[in-house]
Amino acid sequence: MTLEDLRVFVAVCRAGSLSAVARELGCTQSAVSQHVKRLEREAGVSLLERQPRGVVPTDAGRVLRDAASDSIAGLDLALRRLGDLVNGDSGSVRVTTGGTTVRHFMSEAIVDFRRRHPKVSLEFRTETSSRDCFDALTAGNLDLAWVTISGPVRGIEQRPVVALPWVLAVRTDDPLATRPRIDTAELTDISLIRLPQNSTSGAHLDAAFAQLGVRSSSDTSVADWDTALLLAELGLGHAVVPVLPGRQIPDDGPLRLVPLPDLPPLPVGWAVRRWDALTPLARAFADTVARSCTGGRAGQS
């Protein structure tokens, strides 16, 4: 049993496919299979179960996957910290997040961080949902994930940074545009532009609607908050979206954001494997983003 065997096995469990991991590693499917078979020989049990659409770990496979994931993550963090000790202030910070997060939450912080740490490499990996970010954080050699904060996730520590209030985005010529606020119950039977179906923010909104007894319909689904705002601006529907830090809508523009104060705010922030194992550079970047999002009110993590 080798470390590479374990890395490949964890990757197969995450992807649910031998061929997908082979493509990722640039090797043959047979080579990936050999790693798994070597582990199975040493363990004396089957670790993967074939299904019509791929493979899933057996009960024994889940035990090994969880133990291996934790060990690999700890080893990767240790190697990163050793590298920072050797390289001083010229290491790297690796972040996974959604496709538009850097623009919405990190643009000013990146400029500030690069000014103070010009030799540090910032690397970003894009995922389509918070769940995918958690998986990438667990499986990959990454430091931080910017996510919508959700319930407990095994092997992950989450830290909220800012709570985003919800608003209804409408055109200025819409009768609702002049309202100072809207009660969520008034959205019943209004067709809304739906947030990404696989997103944690969309799930938060659906859960809040269900708790408040709101029945909403949707003829349109979008990939991100920006597209929802664009469609609302074009008059193609109403969009319930979170207000992003520093977002300003021009008074003379075609769009209005009307507060929905009875919807619970959407918490967003950082997720890591272990806060106490973060490299000093990763911690500094996390703190810089937090201060930027909260106007300098965030404490040190």
# chains A, B, ... in the order shown; residues from 1 in each chain; ligands from 1

$ residues_around --residues "range 9-15 of chain A" --least-positions-apart "3" --cutoff "7 Å" --atoms "only C-alpha atoms" --output "compact mmCIF listing (two decimals) with C-alpha atoms, in the first residue's frame"
# COMPACT_ATOMS: atom_id res chain seq x y z
CA ASP A 5 -2.66 4.15 -3.99
CA LEU A 6 -4.61 5.98 -1.31
CA LEU A 18 -12.31 5.10 -12.76
CA ALA A 20 -12.72 10.18 -14.92
CA VAL A 21 -9.76 9.82 -12.56
CA VAL A 36 -7.48 0.02 -6.20
CA VAL A 56 -19.31 3.68 -5.16
CA PRO A 57 -17.32 2.63 -2.09
CA ARG A 65 -11.80 6.56 2.23
CA SER A 69 -8.87 11.55 3.25
CA ALA A 139 -9.80 15.83 -1.64

$ residues_around --residues "range 29-34 of chain A" --least-positions-apart "3" --cutoff "8 Å" --atoms "only C-alpha atoms" --output "ChimeraX atom specification"
/A:8,18-19,21-22,37-38

$ write_last_selection --atoms "N, CA and C atoms" --output "compact mmCIF listing (two decimals), in the first residue's frame"
# COMPACT_ATOMS: atom_id res chain seq x y z
N VAL A 8 -5.24 7.91 -5.19
CA VAL A 8 -6.06 7.51 -6.33
C VAL A 8 -7.40 6.95 -5.86
N LEU A 18 -13.71 5.39 -12.50
CA LEU A 18 -12.31 5.10 -12.76
C LEU A 18 -11.80 5.89 -13.96
N SER A 19 -12.63 5.97 -15.00
CA SER A 19 -12.20 6.64 -16.23
C SER A 19 -12.01 8.14 -16.01
N VAL A 21 -11.02 9.63 -13.27
CA VAL A 21 -9.76 9.82 -12.56
C VAL A 21 -8.59 9.58 -13.50
N ALA A 22 -8.73 8.59 -14.38
CA ALA A 22 -7.66 8.34 -15.36
C ALA A 22 -7.44 9.56 -16.24
N LYS A 37 -6.92 -2.27 -6.87
CA LYS A 37 -6.76 -3.70 -6.63
C LYS A 37 -5.65 -3.98 -5.61
N ARG A 38 -4.59 -3.16 -5.64
CA ARG A 38 -3.52 -3.35 -4.67
C ARG A 38 -4.03 -3.11 -3.24

$ residues_around --residues "Val268 in chain A" --least-positions-apart "6" --cutoff "12 Å" --atoms "only C-alpha atoms" --output "compact mmCIF listing (two decimals) with C-alpha atoms, in the first residue's frame"
# COMPACT_ATOMS: atom_id res chain seq x y z
CA THR A 97 -15.02 28.98 -4.82
CA GLY A 98 -17.88 29.73 -7.20
CA THR A 101 -17.21 34.92 -6.07
CA HIS A 104 -18.29 39.84 -5.74
CA PHE A 105 -16.33 39.31 -2.54
CA SER A 130 -20.68 24.83 -2.06
CA ALA A 145 -13.11 27.50 0.26
CA TRP A 146 -15.51 30.46 0.07
CA VAL A 147 -19.00 29.01 0.47
CA THR A 148 -22.56 29.60 1.50
CA ILE A 149 -22.51 28.45 5.11
CA SER A 150 -24.66 25.37 5.65
CA GLN A 158 -16.94 26.67 8.56
CA ARG A 159 -16.68 30.27 9.66
CA PRO A 160 -19.33 32.86 8.64
CA VAL A 161 -17.97 36.23 7.50
CA VAL A 162 -21.03 38.22 6.43
CA ALA A 163 -24.81 37.73 6.35
CA LEU A 164 -26.41 38.92 3.10
CA PRO A 165 -29.96 40.35 3.23
CA THR A 200 -26.72 26.20 -1.45
CA SER A 201 -28.15 29.72 -1.75
CA HIS A 204 -31.60 28.29 1.60
CA PRO A 242 -28.89 38.46 -1.82
CA VAL A 243 -27.38 41.93 -1.61
CA LEU A 244 -23.65 41.67 -2.11
CA PRO A 245 -21.16 43.75 -0.09
CA VAL A 289 -11.16 39.07 2.57
CA ALA A 290 -13.16 39.12 5.80
CA CYS A 293 -16.45 42.24 3.22
CA THR A 294 -17.26 43.74 6.62

$ closest_residue --among "A:Ala68, A:Leu25, A:Leu144, A:Ala109" --to "Arg94 in chain A" --atoms "only C-alpha atoms"
A:Leu144

$ atom_distance --atom1 "CA of Ala282 in chain A" --atom2 "CA of Asp143 in chain A"
6.5 Å

$ select_by_dssp --residues "range 75-270 of chain A" --states "strand (DSSP E)" --output "ChimeraX atom specification"
/A:92-97,121-126,144-148,157-164,166-171,191-194,217-221,238-242,255-259,266-270

$ atom_distance --atom1 "CA of Gly74 in chain A" --atom2 "CA of Gly151 in chain A"
22.8 Å

$ residues_around --residues "Ala177 in chain A" --least-positions-apart "3" --cutoff "8 Å" --atoms "only C-alpha atoms" --output "PyMOL selection string"
chain A and resi 170-174+256-258

$ write_last_selection --atoms "N, CA and C atoms" --output "mmCIF file, in the first residue's frame"
data_model
loop_
_atom_site.group_PDB
_atom_site.id
_atom_site.type_symbol
_atom_site.label_atom_id
_atom_site.label_comp_id
_atom_site.auth_asym_id
_atom_site.auth_seq_id
_atom_site.Cartn_x
_atom_site.Cartn_y
_atom_site.Cartn_z
ATOM 1 N N VAL A 170 -36.507 44.219 -9.313
ATOM 2 C CA VAL A 170 -37.576 44.504 -10.272
ATOM 3 C C VAL A 170 -37.182 45.701 -11.118
ATOM 4 N N ARG A 171 -37.801 45.840 -12.259
ATOM 5 C CA ARG A 171 -37.583 47.029 -13.086
ATOM 6 C C ARG A 171 -38.255 48.241 -12.440
ATOM 7 N N THR A 172 -37.753 49.414 -12.764
ATOM 8 C CA THR A 172 -38.294 50.637 -12.170
ATOM 9 C C THR A 172 -39.739 50.894 -12.584
ATOM 10 N N ASP A 173 -40.165 50.335 -13.727
ATOM 11 C CA ASP A 173 -41.550 50.539 -14.157
ATOM 12 C C ASP A 173 -42.503 49.498 -13.583
ATOM 13 N N ASP A 174 -42.010 48.624 -12.720
ATOM 14 C CA ASP A 174 -42.851 47.617 -12.075
ATOM 15 C C ASP A 174 -43.582 48.262 -10.901
ATOM 16 N N ARG A 256 -34.459 48.181 -9.576
ATOM 17 C CA ARG A 256 -34.619 48.515 -8.165
ATOM 18 C C ARG A 256 -34.491 47.256 -7.329
ATOM 19 N N LEU A 257 -33.885 47.398 -6.146
ATOM 20 C CA LEU A 257 -33.756 46.292 -5.201
ATOM 21 C C LEU A 257 -34.609 46.624 -3.983
ATOM 22 N N VAL A 258 -35.701 45.893 -3.813
ATOM 23 C CA VAL A 258 -36.651 46.174 -2.739
ATOM 24 C C VAL A 258 -36.407 45.181 -1.599
#

$ atom_distance --atom1 "CA of Val272 in chain A" --atom2 "CA of Phe134 in chain A"
8.5 Å

$ closest_residue --among "A:Ile193, A:Ala277, A:Val214, A:Leu260" --to "Ala239 in chain A" --atoms "only C-alpha atoms"
A:Ile193

$ closest_residue --among "A:Leu122, A:Ala43, A:Ala232, A:Ala185" --to "Thr96 in chain A" --atoms "only C-alpha atoms"
A:Leu122

$ select_by_dssp --residues "range 58-242 of chain A" --states "helix (DSSP H, G or I)" --output "VMD selection string"
chain A and resid 59 to 87 101 to 116 130 to 139 175 to 178 184 to 187 200 to 212 225 to 233

$ closest_residue --among "A:Ser191, A:Arg179, A:Arg114, A:Thr128" --to "Phe285 in chain A" --atoms "only C-alpha atoms"
A:Arg114

$ closest_residue --among "A:Leu187, A:Ile72, A:Leu212, A:Leu229" --to "Leu255 in chain A" --atoms "only C-alpha atoms"
A:Leu229
